[in-house]
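One structure is given below, encoded as structure tokens.
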Amino acid sequence: AAMELPPSHYPAARAAALATSYLCYRRGGPGRGLALRDVRRARRQDIDGVGHKYHLELVLEDVLDKDSTVNCTAEVLYHLGNKHIAPDVQFTIEGELKNTNEADNIFYNRIKSLEKELVAENIPDSHGNVSPELEPIHLLAWVASGYVIWQNSTENTKFQLAHVKHVKQVKRSDEYLEFDYTILLHEMVSQEIIPWQMTVLWHPRHGVRVTQASRQPKH
Amino acid sequence: MKVLVLLAALVAAVAATETFVGHQVLRIVPTNDEDLQKVQELQDLEELQLDFWLAPRGVGHPVDVRVPFPSLQPLKAHLESNGISYSIMIEDVQALVDDEQMEMLRERRWLPLSTNTFNYATYHSLDEIYAFMDLLVAENSHLVSKIEIGRSTENRPIYVLKFSKGGTNRPAIWIDTGIHSREWVTQASGVWFAKKIVQDHENDEGLASVLDKMDIFLEIVTNPDGFAFTQTKNRMWRKTRSKHSNSICVGVDPNRNWDAGFGGSGASGNPCSETYHGPYANSEPEVKAIVDFVKSHGNIKAFISIHSYSQLLLYPYGYTTTPVPDQKELHEISKKAVAALSSLYGTKYKYGSIITTIYKASGGTIDWTYEQGIKYSFTFELRDTGRYGFLLPAKEIVPTAQETWLALMVIMQYTVEHPY
């Protein structure tokens with residue numbers, strides 16, 4: 001028995017944000033980011049002894065091409081219990097996402113051919129500026145933060161990436177690119193700004209993977 | 001361009017009063033009494049026009065002297081023939097003066113001469129915004145005045161701009177931006193709104209009819225201490241900068257400090273929390289200043305407090321699930337306001353009461369203003385929805401302000417058409 005939820009109310013909004021973050025992590029990369037454009041419909045199912053399951057109909061937009069949108073259905077299951085387990089998220093994207101092979105390969109080759117490991121910080125700056133060469137690095141952080149957000153979300157949280165404090169490339173002998181990020185997450189309900197460290201792997205054909213993430217002390 | 005020419009002329013004018021072209025600064029170190037005496041004698045040779053930066057003090061102490069161009073050769077010849085050694089400390093004094101002028105210009109960052117040359121598409125410092133306010137008042141003193149409603153914890157003046165076509169204590173609309181200092185697009189939008197009111201107050205029918213009957217109060221930097229802190233120390237600072245209790249943590253959330261459900265759930269009692277409500281309601285001078293103003297004015301009919309981000313238009317309550325008596329009307333106004341906002345760039349907004357739309361929040365601004373009898377109490381959460389969040393690119397300031405203005409006009413016009 002699923003209860004219809006007003007799409008503009010926060011329970012649907014939080015579940016939708018989580019689903020989007022997860023989905024962005026699974027499908028995104030330095031050349032593709034997906035953001036939530038709209039919540040079309042939301043229902044909630046309370047499953048005894050298990051948790052709360054949200055059924056969502058979402059509209060997503062391509063952050064690099066705002067006019068490009070796709071529809072998506074998602075299911076988010078928040079588990080009951082004191083021990084925090086990451087929510088289960090399933091999704092289906094209607095239609096195809098734009099092919100980003102060319103941009104991905106250009107970025108991949110650019111980083112692979114750097115003599116010195118890439119190091120950057122303060123992305124965006126205070127005025128919201130991101131230099132063009134660092135756009136893929138910023139987008140990769142945003143996509144990868146989806147993993148951290150997914151792992152740490154509950155019905156009482158709504159996370160967004162607020163800032164990339166620092167990023168350092170780690171040279172690898174295999175084909176992957178590796179970046180060590182220090183990011184700030186903004187948690188909407190508590191309004192806290194939380195530093196997080198994450199190790200991100202990426203390859204044009206294998207997608208994004210966060211191999212390590214740890215919450216950092218506030219200061 | 002015009003300003004550059006003017007400035008060049010000014011620099012030339014200043015420099016023309018005294019120029020140091022070809023001047024050098026020499027350093028002489030007298031190694032014995034004879035040298036010292038000879039150097040001391042130089043001070044009496046007025047025709048050389050020597051300028052001693054370090055006067056002769058004793059044997060072994062350096063003597064620095066600026067030498068005008070015509071005196072250079074004679075002086076050097078004199079020193080050499082007396083066996084007094086010297087070194088050239090500054091080869092070209094004028095070059096140094098020129099460099100310094102350029103540095104000073106660069107540091108001053110071009111204070112605009114009018115609100116027409118002010119750059120609305122960039123973020124500004126507190127000083128720049130305060131200077132803008134004074135310029136706006138000076139240019140439009142028949143319409144705009146500046147009121148100091150109080151002082152912040154760090155003793156910064158808190159200013160409100162009053163837009164009025166006359167009358168005494170007319171019913172009024174209040175708009176504030178920047179109560180949470182990290183929400184930079186709001187203060188920037190406030191600046192734009194101020195200019196917009198001045199630009200449109202005669203030729204725009206809607207605004208003209210609002211100002212015919214009502215005054216507008218606009219507080220652009222509602223939390224100046226926090227704002228200064230975001231510029232210098234921590235871009236993500238939200239709260240005020242007060243220190244209460246023995247905690248090492250600083251600041252109170254000014255949007256949890258109002259006397260409406262104060263201290264209840266929806267705010268934190270922990271001074272280190274971003275939603276710390278403070279030791280008691282109105283403990284924050286930034287909040288008290290507005291409370292005192294609203295109470296003593298007594299005739300405010302609409303109150304709009306502006307935040308970012310999330311793209312929401314909200315009405316009370318935040319502290320309780322009980323709907324406000326005017327819920328239906330506020331919901332309808334919100335619907336119209338959001339439609340107007342979206343009409344410009346397609347920006348999607350959601351709307352509803354605070355507690356159903358974002359979260360439970362106690363001690364909030366518009367809960368208090370509503371309970372004071374200000375029926376049309378609204379909060380905006382401006383762009384974006386999280387892609388940049390608080391770090392909204394400057395190029396989005398003007399589009400954000402433009403679309404938000406359309407929503408504000410709906411609320412203001414509705415207020416003037418529905419007196420109560």
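Following the order of the structure tokens, first chain is A, next is B, and so on, with residues numbered from 1 inside each chain and ligands from 1 in the order they appear.
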Counting only C-alpha atoms, which residues from chain A have an atom at most 7 Å from any atom of chain B, and could you show them as a VMD selection string?
chain A and resid 8 to 10 124 126 to 129 160 162 189 to 192
Contacts of range 137-142 of chain A at 9 Å (only C-alpha atoms; same-chain gap of 6+ positions) as an mmCIF file with N, CA and C atoms, in the first residue's frame:
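Produced file part-v1.cif, reproduced below:
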```cif
data_model
loop_
_atom_site.group_PDB
_atom_site.id
_atom_site.type_symbol
_atom_site.label_atom_id
_atom_site.label_comp_id
_atom_site.auth_asym_id
_atom_site.auth_seq_id
_atom_site.Cartn_x
_atom_site.Cartn_y
_atom_site.Cartn_z
ATOM 1 N N SER A 21 21.643 11.772 -6.847
ATOM 2 C CA SER A 21 23.068 11.678 -6.520
ATOM 3 C C SER A 21 23.611 10.298 -6.856
ATOM 4 N N CYS A 24 23.673 9.747 -10.638
ATOM 5 C CA CYS A 24 24.722 10.567 -11.229
ATOM 6 C C CYS A 24 26.065 9.880 -11.042
ATOM 7 N N TYR A 25 26.253 9.281 -9.882
ATOM 8 C CA TYR A 25 27.490 8.541 -9.605
ATOM 9 C C TYR A 25 27.633 7.364 -10.552
ATOM 10 N N GLY A 28 27.531 9.155 -14.378
ATOM 11 C CA GLY A 28 28.226 10.399 -14.682
ATOM 12 C C GLY A 28 29.720 10.240 -14.902
ATOM 13 N N GLY A 29 30.350 11.342 -15.214
ATOM 14 C CA GLY A 29 31.794 11.353 -15.434
ATOM 15 C C GLY A 29 32.251 12.791 -15.594
ATOM 16 N N PRO A 30 33.534 12.969 -15.928
ATOM 17 C CA PRO A 30 34.033 14.344 -16.076
ATOM 18 C C PRO A 30 33.341 15.100 -17.202
ATOM 19 N N GLY A 31 32.656 14.358 -18.090
ATOM 20 C CA GLY A 31 31.968 15.012 -19.196
ATOM 21 C C GLY A 31 30.465 14.913 -19.121
ATOM 22 N N ARG A 32 29.973 14.323 -18.058
ATOM 23 C CA ARG A 32 28.519 14.219 -17.934
ATOM 24 C C ARG A 32 28.077 14.280 -16.476
ATOM 25 N N GLY A 33 27.152 15.212 -16.196
ATOM 26 C CA GLY A 33 26.543 15.277 -14.874
ATOM 27 C C GLY A 33 25.047 15.363 -15.022
ATOM 28 N N ILE A 123 37.678 25.072 -5.825
ATOM 29 C CA ILE A 123 36.829 24.986 -7.006
ATOM 30 C C ILE A 123 35.368 24.787 -6.597
ATOM 31 N N PRO A 124 34.450 25.681 -6.956
ATOM 32 C CA PRO A 124 34.702 26.992 -7.543
ATOM 33 C C PRO A 124 35.305 27.957 -6.520
ATOM 34 N N VAL A 130 34.852 28.711 -12.168
ATOM 35 C CA VAL A 130 35.647 27.499 -12.399
ATOM 36 C C VAL A 130 36.348 27.704 -13.731
ATOM 37 N N GLN A 160 24.435 18.106 -0.660
ATOM 38 C CA GLN A 160 24.906 18.584 -1.962
ATOM 39 C C GLN A 160 26.399 18.848 -1.844
ATOM 40 N N LEU A 161 27.123 18.731 -2.918
ATOM 41 C CA LEU A 161 28.529 19.133 -2.920
ATOM 42 C C LEU A 161 28.586 20.652 -2.854
ATOM 43 N N HIS A 163 31.726 22.463 -2.294
ATOM 44 C CA HIS A 163 33.007 23.044 -2.672
ATOM 45 C C HIS A 163 34.060 21.951 -2.792
ATOM 46 N N VAL A 164 34.987 22.132 -3.735
ATOM 47 C CA VAL A 164 36.170 21.264 -3.777
ATOM 48 C C VAL A 164 37.313 22.044 -3.165
ATOM 49 N N VAL A 167 42.333 19.100 -4.723
ATOM 50 C CA VAL A 167 42.373 17.845 -5.469
ATOM 51 C C VAL A 167 43.805 17.589 -5.913
ATOM 52 N N TYR A 181 40.524 13.741 -3.473
ATOM 53 C CA TYR A 181 39.767 14.972 -3.290
ATOM 54 C C TYR A 181 39.519 15.261 -1.817
ATOM 55 N N ILE A 183 36.655 17.516 -0.170
ATOM 56 C CA ILE A 183 35.472 18.286 -0.561
ATOM 57 C C ILE A 183 34.726 18.772 0.674
ATOM 58 N N VAL A 200 39.084 8.883 -5.809
ATOM 59 C CA VAL A 200 38.215 8.659 -6.965
ATOM 60 C C VAL A 200 39.012 8.065 -8.116
ATOM 61 N N TRP A 202 38.752 6.845 -12.207
ATOM 62 C CA TRP A 202 37.916 7.007 -13.396
ATOM 63 C C TRP A 202 38.627 6.497 -14.632
ATOM 64 N N VAL A 208 33.075 5.913 -13.025
ATOM 65 C CA VAL A 208 33.625 6.494 -11.798
ATOM 66 C C VAL A 208 33.524 5.492 -10.663
ATOM 67 N N ARG B 387 23.793 22.671 -7.667
ATOM 68 C CA ARG B 387 24.944 22.476 -8.567
ATOM 69 C C ARG B 387 26.122 23.348 -8.136
#
```
Let's see if you can do this: from backbone DSSP, list all alpha helix (DSSP H) residues in range 103-350 of chain B, as a short mmCIF file (atom, residue, chain, number, x, y, z; two decimals) with N, CA, C and O atoms, in the first residue's frame.
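To be explicit, this is the file written out as states_37.cif:
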```
data_model
loop_
_atom_site.label_atom_id
_atom_site.label_comp_id
_atom_site.auth_asym_id
_atom_site.auth_seq_id
_atom_site.Cartn_x
_atom_site.Cartn_y
_atom_site.Cartn_z
N GLU B 103 50.15 50.81 -8.43
CA GLU B 103 49.77 49.86 -7.38
C GLU B 103 48.56 50.35 -6.61
O GLU B 103 47.63 49.61 -6.35
N MET B 104 48.58 51.61 -6.27
CA MET B 104 47.49 52.17 -5.48
C MET B 104 46.18 52.13 -6.25
O MET B 104 45.14 51.83 -5.71
N LEU B 105 46.27 52.41 -7.56
CA LEU B 105 45.06 52.35 -8.37
C LEU B 105 44.51 50.93 -8.39
O LEU B 105 43.32 50.71 -8.23
N ARG B 106 45.40 49.98 -8.59
CA ARG B 106 45.00 48.58 -8.66
C ARG B 106 44.36 48.15 -7.35
O ARG B 106 43.33 47.49 -7.33
N GLU B 107 44.93 48.57 -6.25
CA GLU B 107 44.39 48.18 -4.94
C GLU B 107 43.04 48.82 -4.68
O GLU B 107 42.16 48.21 -4.10
N ARG B 108 42.87 50.06 -5.10
CA ARG B 108 41.62 50.78 -4.81
C ARG B 108 40.44 50.15 -5.55
O ARG B 108 39.31 50.32 -5.17
N LEU B 126 31.60 44.49 1.59
CA LEU B 126 30.70 45.26 2.44
C LEU B 126 30.88 46.76 2.20
O LEU B 126 29.90 47.50 2.04
N ASP B 127 32.14 47.20 2.15
CA ASP B 127 32.42 48.62 1.91
C ASP B 127 31.82 49.09 0.59
O ASP B 127 31.26 50.18 0.51
N GLU B 128 31.96 48.26 -0.43
CA GLU B 128 31.43 48.63 -1.74
C GLU B 128 29.92 48.74 -1.72
O GLU B 128 29.33 49.65 -2.33
N ILE B 129 29.28 47.83 -1.02
CA ILE B 129 27.81 47.88 -0.94
C ILE B 129 27.36 49.09 -0.14
O ILE B 129 26.41 49.79 -0.52
N TYR B 130 28.04 49.39 0.95
CA TYR B 130 27.69 50.57 1.73
C TYR B 130 27.93 51.85 0.92
O TYR B 130 27.15 52.81 1.01
N ALA B 131 29.00 51.86 0.13
CA ALA B 131 29.26 53.03 -0.72
C ALA B 131 28.17 53.16 -1.78
O ALA B 131 27.71 54.27 -2.09
N PHE B 132 27.75 52.02 -2.33
CA PHE B 132 26.66 52.02 -3.31
C PHE B 132 25.41 52.65 -2.72
O PHE B 132 24.74 53.46 -3.38
N MET B 133 25.09 52.28 -1.49
CA MET B 133 23.89 52.81 -0.84
C MET B 133 23.95 54.33 -0.77
O MET B 133 22.97 55.02 -1.08
N ASP B 134 25.09 54.83 -0.36
CA ASP B 134 25.22 56.28 -0.24
C ASP B 134 25.10 56.97 -1.60
O ASP B 134 24.49 58.03 -1.72
N LEU B 135 25.69 56.35 -2.62
CA LEU B 135 25.57 56.90 -3.97
C LEU B 135 24.11 56.94 -4.40
O LEU B 135 23.63 57.94 -4.95
N LEU B 136 23.41 55.83 -4.16
CA LEU B 136 22.01 55.74 -4.59
C LEU B 136 21.17 56.82 -3.91
O LEU B 136 20.32 57.46 -4.55
N VAL B 137 21.40 57.01 -2.62
CA VAL B 137 20.65 58.03 -1.89
C VAL B 137 20.98 59.42 -2.44
O VAL B 137 20.10 60.23 -2.69
N ALA B 138 22.27 59.67 -2.65
CA ALA B 138 22.70 60.98 -3.15
C ALA B 138 22.09 61.28 -4.51
O ALA B 138 21.69 62.41 -4.80
N GLU B 139 21.99 60.25 -5.35
CA GLU B 139 21.45 60.45 -6.69
C GLU B 139 19.94 60.56 -6.72
O GLU B 139 19.36 61.05 -7.69
N TRP B 184 25.42 34.60 -0.86
CA TRP B 184 25.88 35.82 -1.52
C TRP B 184 24.97 36.33 -2.63
O TRP B 184 24.95 37.52 -2.89
N VAL B 185 24.26 35.42 -3.33
CA VAL B 185 23.41 35.91 -4.42
C VAL B 185 22.30 36.81 -3.86
O VAL B 185 21.74 37.64 -4.58
N THR B 186 22.01 36.68 -2.54
CA THR B 186 20.92 37.47 -2.00
C THR B 186 21.32 38.93 -1.79
O THR B 186 20.59 39.84 -2.20
N GLN B 187 22.47 39.17 -1.17
CA GLN B 187 22.90 40.56 -1.02
C GLN B 187 23.08 41.21 -2.39
O GLN B 187 22.69 42.36 -2.61
N ALA B 188 23.66 40.43 -3.31
CA ALA B 188 23.88 40.96 -4.66
C ALA B 188 22.55 41.30 -5.32
O ALA B 188 22.44 42.31 -6.04
N SER B 189 21.54 40.47 -5.09
CA SER B 189 20.22 40.75 -5.64
C SER B 189 19.61 41.97 -4.97
O SER B 189 18.94 42.78 -5.62
N GLY B 190 19.84 42.11 -3.67
CA GLY B 190 19.34 43.27 -2.94
C GLY B 190 19.84 44.57 -3.55
O GLY B 190 19.09 45.54 -3.71
N VAL B 191 21.13 44.58 -3.89
CA VAL B 191 21.71 45.75 -4.54
C VAL B 191 20.98 46.03 -5.86
O VAL B 191 20.62 47.18 -6.16
N TRP B 192 20.76 44.99 -6.61
CA TRP B 192 20.07 45.13 -7.91
C TRP B 192 18.63 45.63 -7.70
O TRP B 192 18.17 46.51 -8.45
N PHE B 193 17.93 45.11 -6.69
CA PHE B 193 16.56 45.54 -6.41
C PHE B 193 16.53 47.04 -6.13
O PHE B 193 15.65 47.76 -6.59
N ALA B 194 17.51 47.50 -5.34
CA ALA B 194 17.55 48.92 -4.97
C ALA B 194 17.61 49.79 -6.22
O ALA B 194 16.88 50.78 -6.35
N LYS B 195 18.49 49.40 -7.11
CA LYS B 195 18.64 50.17 -8.35
C LYS B 195 17.37 50.06 -9.20
O LYS B 195 16.94 51.03 -9.82
N LYS B 196 16.79 48.87 -9.20
CA LYS B 196 15.59 48.61 -10.01
C LYS B 196 14.44 49.51 -9.57
O LYS B 196 13.71 50.06 -10.39
N ILE B 197 14.28 49.65 -8.26
CA ILE B 197 13.19 50.48 -7.73
C ILE B 197 13.37 51.92 -8.21
O ILE B 197 12.43 52.57 -8.65
N VAL B 198 14.61 52.39 -8.13
CA VAL B 198 14.89 53.75 -8.56
C VAL B 198 14.63 53.93 -10.05
O VAL B 198 14.03 54.91 -10.49
N GLN B 199 15.04 52.95 -10.84
CA GLN B 199 14.87 53.03 -12.28
C GLN B 199 13.41 53.00 -12.70
O GLN B 199 13.01 53.68 -13.64
N ASP B 200 12.61 52.19 -12.03
CA ASP B 200 11.24 51.93 -12.48
C ASP B 200 10.17 52.72 -11.76
O ASP B 200 9.00 52.61 -12.13
N GLU B 205 4.24 51.14 -14.44
CA GLU B 205 2.92 51.35 -13.84
C GLU B 205 2.74 50.61 -12.53
O GLU B 205 2.24 51.16 -11.55
N GLY B 206 3.12 49.32 -12.55
CA GLY B 206 2.95 48.47 -11.37
C GLY B 206 3.68 49.03 -10.17
O GLY B 206 3.10 49.21 -9.10
N LEU B 207 4.97 49.32 -10.34
CA LEU B 207 5.76 49.82 -9.23
C LEU B 207 5.30 51.21 -8.80
O LEU B 207 5.23 51.52 -7.62
N ALA B 208 4.97 52.03 -9.78
CA ALA B 208 4.50 53.38 -9.46
C ALA B 208 3.25 53.32 -8.60
O ALA B 208 3.12 54.08 -7.62
N SER B 209 2.34 52.42 -8.94
CA SER B 209 1.11 52.34 -8.15
C SER B 209 1.39 51.79 -6.76
O SER B 209 0.72 52.16 -5.79
N VAL B 210 2.37 50.91 -6.62
CA VAL B 210 2.76 50.42 -5.28
C VAL B 210 3.28 51.60 -4.46
O VAL B 210 2.83 51.85 -3.33
N LEU B 211 4.20 52.36 -5.05
CA LEU B 211 4.84 53.45 -4.31
C LEU B 211 3.90 54.64 -4.10
O LEU B 211 4.16 55.49 -3.24
N ASP B 212 2.83 54.71 -4.87
CA ASP B 212 1.85 55.77 -4.64
C ASP B 212 1.19 55.60 -3.27
O ASP B 212 0.83 56.58 -2.62
N LYS B 213 1.03 54.33 -2.86
CA LYS B 213 0.31 54.07 -1.63
C LYS B 213 1.20 53.56 -0.50
O LYS B 213 0.85 53.71 0.68
N PRO B 224 25.95 41.99 8.63
CA PRO B 224 27.22 42.52 8.12
C PRO B 224 28.45 41.84 8.71
O PRO B 224 29.45 41.67 8.00
N ASP B 225 28.40 41.45 9.98
CA ASP B 225 29.57 40.76 10.57
C ASP B 225 29.82 39.45 9.85
O ASP B 225 30.96 39.11 9.51
N GLY B 226 28.76 38.70 9.64
CA GLY B 226 28.87 37.41 8.95
C GLY B 226 29.39 37.62 7.54
O GLY B 226 30.25 36.88 7.05
N PHE B 227 28.88 38.66 6.89
CA PHE B 227 29.27 38.94 5.51
C PHE B 227 30.76 39.26 5.42
O PHE B 227 31.48 38.74 4.58
N ALA B 228 31.23 40.12 6.34
CA ALA B 228 32.65 40.45 6.36
C ALA B 228 33.47 39.18 6.59
O ALA B 228 34.53 38.98 5.98
N PHE B 229 32.98 38.29 7.43
CA PHE B 229 33.70 37.05 7.72
C PHE B 229 33.76 36.13 6.51
O PHE B 229 34.77 35.46 6.28
N THR B 230 32.71 36.13 5.69
CA THR B 230 32.75 35.29 4.49
C THR B 230 33.76 35.83 3.49
O THR B 230 34.24 35.11 2.64
N GLN B 231 34.06 37.13 3.59
CA GLN B 231 35.01 37.71 2.64
C GLN B 231 36.44 37.46 3.08
O GLN B 231 37.34 37.33 2.26
N THR B 232 36.65 37.42 4.39
CA THR B 232 38.02 37.36 4.89
C THR B 232 38.45 35.99 5.40
O THR B 232 39.60 35.61 5.24
N PRO B 285 21.77 41.34 18.02
CA PRO B 285 21.42 42.73 17.69
C PRO B 285 20.88 42.87 16.27
O PRO B 285 20.06 43.75 16.02
N GLU B 286 21.34 41.99 15.37
CA GLU B 286 20.88 42.06 13.99
C GLU B 286 19.38 41.74 13.91
O GLU B 286 18.67 42.30 13.08
N VAL B 287 18.96 40.83 14.77
CA VAL B 287 17.54 40.46 14.81
C VAL B 287 16.75 41.51 15.58
O VAL B 287 15.70 41.99 15.13
N LYS B 288 17.28 41.90 16.73
CA LYS B 288 16.60 42.89 17.58
C LYS B 288 16.34 44.18 16.83
O LYS B 288 15.31 44.82 17.01
N ALA B 289 17.31 44.57 15.99
CA ALA B 289 17.16 45.82 15.24
C ALA B 289 15.91 45.78 14.37
O ALA B 289 15.16 46.76 14.28
N ILE B 290 15.69 44.64 13.73
CA ILE B 290 14.53 44.52 12.85
C ILE B 290 13.25 44.45 13.69
O ILE B 290 12.24 45.10 13.37
N VAL B 291 13.31 43.67 14.77
CA VAL B 291 12.13 43.57 15.65
C VAL B 291 11.71 44.95 16.14
O VAL B 291 10.54 45.33 16.06
N ASP B 292 12.68 45.72 16.62
CA ASP B 292 12.37 47.06 17.12
C ASP B 292 11.80 47.93 16.00
O ASP B 292 10.85 48.69 16.22
N PHE B 293 12.39 47.83 14.84
CA PHE B 293 11.93 48.65 13.71
C PHE B 293 10.49 48.31 13.34
O PHE B 293 9.65 49.20 13.18
N VAL B 294 10.24 47.01 13.18
CA VAL B 294 8.90 46.57 12.78
C VAL B 294 7.86 46.99 13.80
O VAL B 294 6.78 47.50 13.45
N LYS B 295 8.20 46.82 15.08
CA LYS B 295 7.24 47.16 16.14
C LYS B 295 6.97 48.66 16.19
O LYS B 295 5.82 49.09 16.30
N SER B 296 8.03 49.44 16.07
CA SER B 296 7.81 50.89 16.19
C SER B 296 7.17 51.45 14.93
O SER B 296 6.42 52.43 14.99
N HIS B 297 7.43 50.84 13.77
CA HIS B 297 6.79 51.31 12.54
C HIS B 297 5.29 51.03 12.60
O HIS B 297 4.46 51.89 12.30
N GLN B 327 -3.62 30.33 5.06
CA GLN B 327 -2.86 29.40 4.22
C GLN B 327 -3.30 29.40 2.77
O GLN B 327 -2.48 29.48 1.85
N LYS B 328 -4.62 29.37 2.56
CA LYS B 328 -5.11 29.26 1.19
C LYS B 328 -4.69 30.48 0.37
O LYS B 328 -4.23 30.36 -0.77
N GLU B 329 -4.83 31.65 0.98
CA GLU B 329 -4.50 32.88 0.28
C GLU B 329 -3.00 32.96 -0.01
O GLU B 329 -2.58 33.28 -1.12
N LEU B 330 -2.19 32.63 0.99
CA LEU B 330 -0.74 32.68 0.80
C LEU B 330 -0.29 31.68 -0.27
O LEU B 330 0.61 31.96 -1.05
N HIS B 331 -0.96 30.54 -0.30
CA HIS B 331 -0.63 29.52 -1.30
C HIS B 331 -0.93 30.03 -2.71
O HIS B 331 -0.16 29.84 -3.64
N GLU B 332 -2.09 30.71 -2.83
CA GLU B 332 -2.48 31.27 -4.13
C GLU B 332 -1.51 32.35 -4.60
O GLU B 332 -1.12 32.41 -5.77
N ILE B 333 -1.14 33.24 -3.67
CA ILE B 333 -0.18 34.30 -4.01
C ILE B 333 1.14 33.67 -4.46
O ILE B 333 1.74 34.09 -5.46
N SER B 334 1.58 32.65 -3.71
CA SER B 334 2.84 31.97 -4.05
C SER B 334 2.78 31.40 -5.45
O SER B 334 3.74 31.49 -6.22
N LYS B 335 1.63 30.80 -5.77
CA LYS B 335 1.48 30.17 -7.09
C LYS B 335 1.68 31.22 -8.18
O LYS B 335 2.41 31.01 -9.16
N LYS B 336 1.04 32.39 -8.01
CA LYS B 336 1.15 33.46 -9.01
C LYS B 336 2.57 34.00 -9.06
O LYS B 336 3.11 34.27 -10.14
N ALA B 337 3.17 34.19 -7.89
CA ALA B 337 4.51 34.76 -7.84
C ALA B 337 5.52 33.84 -8.53
O ALA B 337 6.38 34.29 -9.30
N VAL B 338 5.37 32.54 -8.28
CA VAL B 338 6.29 31.56 -8.88
C VAL B 338 6.10 31.49 -10.39
O VAL B 338 7.07 31.37 -11.15
N ALA B 339 4.84 31.61 -10.83
CA ALA B 339 4.57 31.59 -12.27
C ALA B 339 5.24 32.79 -12.93
O ALA B 339 5.84 32.68 -14.01
N ALA B 340 5.16 33.95 -12.28
CA ALA B 340 5.79 35.15 -12.83
C ALA B 340 7.30 34.96 -12.89
O ALA B 340 7.95 35.29 -13.89
N LEU B 341 7.87 34.42 -11.82
CA LEU B 341 9.31 34.19 -11.78
C LEU B 341 9.76 33.28 -12.92
O LEU B 341 10.71 33.58 -13.64
N SER B 342 9.05 32.18 -13.09
CA SER B 342 9.43 31.20 -14.11
C SER B 342 9.28 31.73 -15.51
O SER B 342 9.95 31.25 -16.43
N SER B 343 8.42 32.72 -15.68
CA SER B 343 8.12 33.19 -17.03
C SER B 343 9.35 33.79 -17.70
O SER B 343 9.45 33.84 -18.92
N LEU B 344 10.31 34.24 -16.91
CA LEU B 344 11.45 34.92 -17.51
C LEU B 344 12.49 33.97 -18.12
O LEU B 344 12.84 34.09 -19.28
N TYR B 345 12.98 33.02 -17.30
CA TYR B 345 14.03 32.12 -17.79
C TYR B 345 13.68 30.65 -17.62
O TYR B 345 14.53 29.79 -17.84
#
```
I need the residues in range 46-218 of chain A that are strand (DSSP E or B) according to DSSP; give them as number ranges by chain.
A: 46-47, 51-62, 65-79, 88-93, 119-123, 159-170, 177-187, 192-203, 207-215
Write out as number ranges by chain the residues lying within 10 Å of range 72-86 of chain A, counting only C-alpha atoms and excluding same-chain residues fewer than 5 positions away.
A: 15-16, 18-20, 23, 39-60, 91-95, 148-155
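Compared by their closest atoms to Ala407 in chain B, and using only C-alpha atoms, the residues B:Thr379, B:Ser71, B:Asp253, B:Leu54 rank with B:Thr379 nearest.
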CA of Thr240 in chain B and CA of Asn255 in chain B are how many Å apart?
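Pair CA of Thr240 in chain B / CA of Asn255 in chain B returns 10.1 Å.
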So that I can check the surroundings of Ala213 in chain A, please list as JSON, numbers by chain every protein, DNA and RNA residue that reaches within 8 Å of it, counting only C-alpha atoms and ignoring chain neighbours fewer than 3 positions away.
{"A": [148, 196, 197, 198, 199, 210]}
Okay, now the selection with N, CA and C atoms, as a PDB file, in the first residue's frame?
```pdb
ATOM      1  N   VAL A 148      29.399   9.338  -1.862  1.00  0.00           N
ATOM      2  CA  VAL A 148      29.464   9.711  -0.446  1.00  0.00           C
ATOM      3  C   VAL A 148      28.068  10.075   0.059  1.00  0.00           C
ATOM      4  N   TRP A 196      35.066  16.223   3.664  1.00  0.00           N
ATOM      5  CA  TRP A 196      35.160  14.799   3.373  1.00  0.00           C
ATOM      6  C   TRP A 196      36.341  14.563   2.446  1.00  0.00           C
ATOM      7  N   GLN A 197      37.029  13.477   2.694  1.00  0.00           N
ATOM      8  CA  GLN A 197      38.101  13.092   1.781  1.00  0.00           C
ATOM      9  C   GLN A 197      37.606  11.919   0.955  1.00  0.00           C
ATOM     10  N   MET A 198      37.901  11.915  -0.348  1.00  0.00           N
ATOM     11  CA  MET A 198      37.524  10.742  -1.139  1.00  0.00           C
ATOM     12  C   MET A 198      38.569  10.459  -2.223  1.00  0.00           C
ATOM     13  N   THR A 199      38.789   9.175  -2.419  1.00  0.00           N
ATOM     14  CA  THR A 199      39.701   8.735  -3.482  1.00  0.00           C
ATOM     15  C   THR A 199      38.843   8.267  -4.649  1.00  0.00           C
ATOM     16  N   VAL A 210      34.474   5.367  -6.359  1.00  0.00           N
ATOM     17  CA  VAL A 210      35.086   5.911  -5.158  1.00  0.00           C
ATOM     18  C   VAL A 210      35.607   4.726  -4.353  1.00  0.00           C
TER      19      VAL A 210
END
```
Near-Gly60 in chain B list (9 Å; only C-alpha atoms; drop same-chain fewer than 6 positions) as a list in words:
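Those residues are Val29, Pro30, Thr31, Asn32 and Leu36 of chain B.
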Excluding range 21-25 of chain B and residues on its chain fewer than 5 positions from it, collect all residues at most 7 Å away from it, counting only C-alpha atoms, and give them as JSON, numbers by chain.
{"B": [64, 65, 66, 67, 68, 69, 88, 89, 90, 91, 92, 93, 94]}
Near Pro217 in chain A, counting only C-alpha atoms, which residues have an atom at most 12 Å away, once you skip same-chain residues fewer than 6 positions from it, shown as an MDAnalysis selection string?
chainID A and resid 182 184 193:197
One number please: CA of Lys66 in chain A to CA of Leu34 in chain A, in Å, one decimal.
9.7 Å
